[in-house]
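Here is data_30.cif, consisting of mmCIF, C-alpha atoms and all ligand atoms:
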```
data_target
#
loop_
_atom_site.label_atom_id
_atom_site.label_comp_id
_atom_site.auth_asym_id
_atom_site.auth_seq_id
_atom_site.Cartn_x
_atom_site.Cartn_y
_atom_site.Cartn_z
CA MET A 1 -76.92 -59.27 -19.01
CA SER A 2 -76.73 -57.33 -22.25
CA THR A 3 -73.27 -56.49 -23.52
CA ASP A 4 -74.58 -53.94 -25.99
CA THR A 5 -71.72 -51.61 -26.88
CA ASN A 6 -74.16 -48.75 -26.50
CA ASN A 7 -73.99 -49.21 -22.75
CA THR A 8 -71.72 -46.68 -21.11
CA LEU A 9 -70.37 -45.88 -17.67
CA VAL A 10 -69.62 -42.21 -16.88
CA LEU A 11 -67.25 -41.18 -14.10
CA PHE A 12 -69.51 -38.66 -12.43
CA SER A 13 -68.31 -36.46 -9.56
CA GLY A 14 -71.06 -33.83 -9.52
CA GLY A 15 -68.70 -31.22 -10.99
CA GLN A 16 -68.92 -29.19 -14.20
CA ASP A 17 -66.72 -31.43 -16.35
CA SER A 18 -68.24 -34.77 -15.46
CA THR A 19 -71.77 -33.36 -15.80
CA THR A 20 -70.90 -32.14 -19.30
CA CYS A 21 -69.51 -35.60 -20.08
CA LEU A 22 -72.70 -37.17 -18.78
CA ALA A 23 -74.80 -35.02 -21.14
CA TRP A 24 -72.40 -35.93 -23.96
CA ALA A 25 -72.94 -39.64 -23.26
CA LEU A 26 -76.71 -39.22 -22.92
CA GLU A 27 -76.79 -37.73 -26.43
CA ARG A 28 -74.82 -40.68 -27.86
CA TYR A 29 -75.60 -43.89 -26.08
CA ALA A 30 -78.74 -45.87 -25.31
CA HIS A 31 -78.00 -46.72 -21.71
CA ILE A 32 -75.81 -44.77 -19.32
CA GLU A 33 -74.80 -45.61 -15.79
CA THR A 34 -72.78 -43.37 -13.48
CA VAL A 35 -70.11 -44.04 -10.90
CA GLY A 36 -68.83 -41.72 -8.15
CA PHE A 37 -66.08 -42.10 -5.57
CA ASP A 38 -66.15 -41.04 -1.97
CA TYR A 39 -62.46 -40.76 -1.04
CA GLY A 40 -62.42 -38.57 2.02
CA GLN A 41 -62.62 -35.26 0.17
CA ARG A 42 -62.16 -32.34 2.57
CA HIS A 43 -65.81 -31.46 1.94
CA SER A 44 -68.71 -33.70 0.97
CA ILE A 45 -70.42 -31.07 -1.18
CA GLU A 46 -69.61 -32.76 -4.49
CA MET A 47 -71.10 -35.99 -3.19
CA ASP A 48 -74.21 -34.07 -2.08
CA CYS A 49 -74.51 -32.42 -5.51
CA ARG A 50 -74.45 -35.70 -7.44
CA PRO A 51 -78.06 -36.86 -6.84
CA ARG A 52 -79.38 -33.33 -7.35
CA VAL A 53 -77.60 -33.02 -10.71
CA LEU A 54 -78.91 -36.44 -11.78
CA ASP A 55 -82.48 -35.48 -10.82
CA ALA A 56 -82.18 -32.17 -12.68
CA MET A 57 -80.86 -33.96 -15.79
CA ARG A 58 -83.79 -36.39 -15.71
CA GLU A 59 -86.28 -33.54 -15.29
CA SER A 60 -84.78 -31.45 -18.07
CA ASN A 61 -85.05 -34.10 -20.81
CA PRO A 62 -87.37 -37.15 -21.00
CA ASP A 63 -84.97 -38.94 -23.40
CA TRP A 64 -82.16 -38.53 -20.89
CA ALA A 65 -84.46 -39.78 -18.11
CA ASN A 66 -85.10 -42.95 -20.14
CA ARG A 67 -81.42 -43.55 -20.83
CA LEU A 68 -80.02 -42.78 -17.41
CA GLY A 69 -79.62 -45.95 -15.37
CA GLU A 70 -78.07 -46.96 -12.10
CA ASP A 71 -75.74 -44.70 -10.10
CA HIS A 72 -72.90 -46.50 -8.32
CA VAL A 73 -71.12 -44.89 -5.37
CA ILE A 74 -67.87 -46.49 -4.24
CA ASP A 75 -66.20 -45.83 -0.92
CA LEU A 76 -62.51 -45.15 -1.54
CA GLY A 77 -61.76 -43.69 1.88
CA VAL A 78 -58.44 -45.49 1.79
CA LEU A 79 -57.28 -43.03 -0.90
CA GLY A 80 -57.66 -40.15 1.56
CA GLU A 81 -55.72 -42.11 4.17
CA ILE A 82 -52.69 -42.64 1.96
CA SER A 83 -52.51 -39.21 0.29
CA ASP A 84 -51.48 -36.00 1.99
CA THR A 85 -53.02 -33.36 -0.23
CA SER A 86 -55.08 -30.20 0.13
CA LEU A 87 -58.10 -32.00 -1.36
CA THR A 88 -58.21 -34.50 1.47
CA SER A 89 -57.02 -32.35 4.39
CA ASP A 90 -57.24 -28.75 5.55
CA ALA A 91 -53.78 -27.90 4.16
CA GLU A 92 -53.53 -24.67 2.19
CA ILE A 93 -53.55 -24.99 -1.62
CA ARG A 94 -50.02 -24.30 -2.94
CA MET A 95 -47.52 -25.46 -5.54
CA ASN A 96 -45.21 -28.35 -4.66
CA GLU A 97 -41.52 -28.33 -5.56
CA ASN A 98 -42.21 -30.68 -8.49
CA GLY A 99 -44.41 -28.01 -10.09
CA LEU A 100 -47.68 -29.76 -9.31
CA PRO A 101 -50.30 -28.13 -7.06
CA ASN A 102 -50.82 -29.96 -3.78
CA THR A 103 -54.40 -30.61 -4.88
CA PHE A 104 -52.91 -33.50 -6.86
CA VAL A 105 -53.96 -36.81 -5.33
CA PRO A 106 -51.31 -39.23 -6.62
CA GLY A 107 -52.75 -41.84 -8.97
CA ARG A 108 -56.34 -40.80 -8.30
CA ASN A 109 -57.60 -41.17 -11.85
CA LEU A 110 -55.77 -44.47 -12.29
CA ILE A 111 -57.55 -45.83 -9.23
CA PHE A 112 -60.90 -44.36 -10.30
CA LEU A 113 -60.61 -45.91 -13.76
CA THR A 114 -59.63 -49.30 -12.37
CA PHE A 115 -62.64 -49.35 -10.05
CA ALA A 116 -64.89 -47.98 -12.81
CA ALA A 117 -63.70 -50.78 -15.12
CA ALA A 118 -64.45 -53.34 -12.40
CA VAL A 119 -68.01 -51.97 -12.15
CA ALA A 120 -68.28 -51.85 -15.96
CA TYR A 121 -67.05 -55.46 -16.23
CA ARG A 122 -69.78 -56.66 -13.90
CA ARG A 123 -72.41 -54.60 -15.73
CA GLY A 124 -71.40 -55.74 -19.22
CA ILE A 125 -70.25 -52.24 -20.17
CA LYS A 126 -67.23 -51.61 -22.43
CA ILE A 127 -67.26 -47.82 -22.78
CA ILE A 128 -66.05 -45.64 -19.91
CA VAL A 129 -66.37 -41.85 -20.16
CA ALA A 130 -64.04 -39.62 -18.14
CA GLY A 131 -63.99 -35.80 -17.96
CA VAL A 132 -60.21 -35.53 -17.98
CA CYS A 133 -58.63 -32.72 -19.94
CA GLU A 134 -55.08 -31.93 -20.97
CA THR A 135 -55.78 -28.38 -22.17
CA ASP A 136 -56.14 -26.06 -19.22
CA TYR A 137 -55.72 -28.26 -16.19
CA SER A 138 -53.08 -27.86 -13.55
CA GLY A 139 -50.72 -30.30 -15.26
CA TYR A 140 -52.07 -33.38 -13.49
CA PRO A 141 -50.17 -36.23 -15.17
CA ASP A 142 -53.10 -38.62 -14.71
CA CYS A 143 -55.29 -36.36 -16.92
CA ARG A 144 -53.03 -36.70 -19.95
CA ASN A 145 -54.16 -38.40 -23.14
CA ASP A 146 -51.11 -40.70 -23.05
CA THR A 147 -52.10 -41.80 -19.53
CA MET A 148 -55.65 -42.53 -20.70
CA GLN A 149 -54.39 -44.55 -23.70
CA ALA A 150 -52.08 -46.53 -21.40
CA MET A 151 -54.92 -47.11 -18.93
CA GLN A 152 -57.21 -48.30 -21.71
CA ASN A 153 -54.57 -50.81 -22.76
CA ALA A 154 -53.88 -51.91 -19.19
CA LEU A 155 -57.57 -52.43 -18.41
CA THR A 156 -58.17 -54.25 -21.70
CA LEU A 157 -55.24 -56.58 -21.03
CA GLY A 158 -55.78 -56.96 -17.31
CA MET A 159 -59.51 -57.76 -17.52
CA ASP A 160 -59.46 -59.35 -20.98
CA GLU A 161 -62.28 -57.09 -22.16
CA PRO A 162 -61.97 -54.51 -24.95
CA PHE A 163 -62.50 -51.38 -22.86
CA VAL A 164 -62.68 -47.99 -24.53
CA ILE A 165 -62.05 -44.82 -22.49
CA GLU A 166 -63.80 -41.83 -24.04
CA THR A 167 -62.55 -38.35 -23.06
CA PRO A 168 -64.75 -35.73 -24.77
CA LEU A 169 -63.08 -32.79 -22.98
CA MET A 170 -59.45 -33.83 -23.58
CA TRP A 171 -58.52 -31.13 -26.09
CA ILE A 172 -60.91 -28.28 -25.27
CA ASP A 173 -60.61 -25.44 -22.75
CA LYS A 174 -63.14 -24.35 -20.15
CA ALA A 175 -64.80 -21.79 -22.43
CA GLU A 176 -65.32 -24.53 -25.01
CA THR A 177 -66.67 -26.81 -22.28
CA TRP A 178 -69.34 -24.20 -21.47
CA ALA A 179 -70.13 -23.93 -25.20
CA MET A 180 -70.35 -27.72 -25.47
CA THR A 181 -72.84 -27.68 -22.60
CA GLU A 182 -75.07 -25.31 -24.52
CA ASP A 183 -74.79 -27.43 -27.70
CA LEU A 184 -75.76 -30.56 -25.79
CA GLY A 185 -78.62 -29.31 -23.65
CA GLY A 186 -79.27 -25.66 -24.38
CA LYS A 187 -79.81 -23.08 -21.69
CA ALA A 188 -81.52 -25.65 -19.45
CA LEU A 189 -78.28 -27.63 -19.17
CA VAL A 190 -76.18 -24.50 -18.70
CA ASP A 191 -78.51 -23.59 -15.82
CA ILE A 192 -78.10 -27.05 -14.26
CA ILE A 193 -74.31 -26.70 -14.45
CA VAL A 194 -74.43 -23.22 -12.88
CA GLU A 195 -76.95 -24.03 -10.14
CA GLU A 196 -76.29 -27.64 -9.21
CA THR A 197 -72.72 -28.66 -10.01
CA HIS A 198 -69.80 -28.04 -7.72
CA THR A 199 -66.16 -27.43 -8.64
CA CYS A 200 -64.67 -25.26 -5.84
CA TYR A 201 -61.77 -26.95 -4.05
CA LEU A 202 -62.76 -25.33 -0.76
CA GLY A 203 -66.36 -26.58 -0.83
CA GLU A 204 -67.68 -23.03 -0.65
CA ARG A 205 -71.36 -22.68 -1.69
CA GLY A 206 -72.28 -19.48 0.12
CA LYS A 207 -71.91 -17.08 -2.77
CA ARG A 208 -73.65 -17.41 -6.15
CA HIS A 209 -71.67 -15.95 -9.06
CA ASP A 210 -72.75 -15.83 -12.73
CA TRP A 211 -70.79 -19.05 -13.25
CA GLY A 212 -72.11 -20.84 -10.17
CA TYR A 213 -71.17 -21.28 -6.53
CA GLY A 214 -67.65 -21.19 -5.13
CA CYS A 215 -65.04 -19.21 -3.23
CA GLY A 216 -64.06 -17.44 -6.47
CA THR A 217 -60.34 -17.53 -5.76
CA CYS A 218 -59.14 -21.16 -5.62
CA PRO A 219 -57.53 -22.53 -8.84
CA SER A 220 -60.67 -24.48 -9.69
CA CYS A 221 -63.01 -21.47 -9.29
CA GLU A 222 -60.55 -19.38 -11.30
CA LEU A 223 -60.65 -21.82 -14.23
CA ARG A 224 -64.43 -22.05 -14.11
CA ARG A 225 -64.87 -18.26 -13.92
CA ASN A 226 -62.34 -17.46 -16.65
CA GLY A 227 -63.95 -20.05 -18.90
CA TRP A 228 -67.39 -18.60 -18.23
CA ASN A 229 -66.19 -15.06 -18.99
CA ALA A 230 -64.61 -16.19 -22.26
CA TYR A 231 -67.77 -18.14 -23.17
CA THR A 232 -70.21 -15.33 -22.37
CA GLY A 233 -67.93 -12.44 -23.34
ZN ZN B 301 -63.11 -22.10 -4.99
#
```

Starting from the file, lay out its structure as structure tokens.
Ligand code: ZN
Amino acid sequence: MSTDTNNTLVLFSGGQDSTTCLAWALERYAHIETVGFDYGQRHSIEMDCRPRVLDAMRESNPDWANRLGEDHVIDLGVLGEISDTSLTSDAEIRMNENGLPNTFVPGRNLIFLTFAAAVAYRRGIKIIVAGVCETDYSGYPDCRNDTMQAMQNALTLGMDEPFVIETPLMWIDKAETWAMTEDLGGKALVDIIVEETHTCYLGERGKRHDWGYGCGTCPSCELRRNGWNAYTG
């Protein structure tokens, strides 16, 4: 097994942010693998989008096709069982008393990164790419840069491997994410993000907007739409 530091594992959900991160990694590293988590989301649309996005990325760029390796899907159904949130049940999306939206799945990114590192360890990969962002998210504490730094240290200590967590979207907003998409893959990649990725919390894919599919009103659609309008405006 090669332990080339150019090998990278991208946390890939099939959404806008992780697809942008995947393109970012494909432009930088020689070999990229992807990992996704099935955790009892209230809809399976993101999981359905993943292979279509990967196929579209391969078709859009022969270099990317050569660099894109294995896709790992991990069943984390237990996460849905232990968390009572509007992402894993039919509860209405609202703000909790602690100021966090009830879309927050406690510790989700910590668990994802731990499992991703376990996959990376086995595959001889040291670099893990995550599409977390502190700029215009809903204040999820497990998206913060400090959390990522702490996780990197914990994984490095706990597995005795020098893991690096890369977070290309950490300090940019959604408009800048759209612009980054265009820088990385031109209009073809913007089209893949619009047509194939999924971000809507409600799993709505009936209506096609300029910025893609979604209900248009949930917090996630709102962010994506506002970012698109700022990027195209
Ligand atoms: Zn929505």

- Message: Hey, which residues sit close to ligand ZN 301 (chain B)? Say within 7 Å, counting all atoms listed in the file, and write them as a list in words.
- Response: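 If we count all atoms listed in the file, the neighbours of ligand ZN 301 (chain B) turn out to be Cys200, Tyr201, Leu202, Gly203, Glu204, Gly214, Cys215, Gly216, Thr217, Cys218, Pro219, Ser220 and Cys221 of chain A.
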
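With only C-alpha atoms as the atoms that count, the residue of A:Leu9, A:Glu196, A:Ile127, A:Lys174 with the shortest distance to Glu222 in chain A is A:Lys174.
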
- Which is closer to Thr156 in chain A than all the others in A:Thr197, A:Asn6, A:Asn66, A:Thr114, using all atoms listed in the file?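 Nearest candidate to Thr156 in chain A out of A:Thr197, A:Asn6, A:Asn66, A:Thr114: A:Thr114.
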
- Message: From (-64.5, -35.6, -22.4), in the file's coordinates, out to 12 Å: which residues are reached, counting all atoms listed in the file? Answer as a VMD selection string.
- Response: chain A and resid 10 to 12 16 to 25 128 to 135 143 to 145 148 165 to 174 176 to 177 180 to 181

- Between A:Leu223, A:Val194, A:Val73, A:Ile111, smallest distance to His209 in chain A by all atoms listed in the file belongs to A:Val194

- Message: At a cut-off of 12 Å, using all atoms listed in the file, what residues contact Asn229 in chain A? Leave out same-chain residues fewer than 2 positions from it and give the result as a count of residues only.
- Response: 17

Need the axis-aligned box for range 193-200 of chain A with 8 Å each side, so what are the centre and edges in Å to one decimal, as AutoDock Vina command-line options?
```
--center_x -70.8 --center_y -25.9 --center_z -10.1 --size_x 28.3 --size_y 21.4 --size_z 24.6
```

- Extract, using only C-alpha atoms, all DNA, RNA and protein residues at most 7 Å from Phe37 in chain A, discarding same-chain residues fewer than 6 positions from it, and format them as a ChimeraX atom specification. /A:73-76

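Note that the spacing between CA of Phe112 in chain A and CA of Gly77 in chain A amounts to 12.2 Å.
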
- Item | Å distance separating CA of Thr199 in chain A from CA of Asp142 in chain A, one decimal place |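 Computing it gives 18.2 Å between the two atoms.
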
- Of the listed residues A:Asn61, A:Thr147, A:Ser13, A:Asn153, that which approaches Tyr39 in chain A most closely, counting all atoms listed in the file: A:Ser13
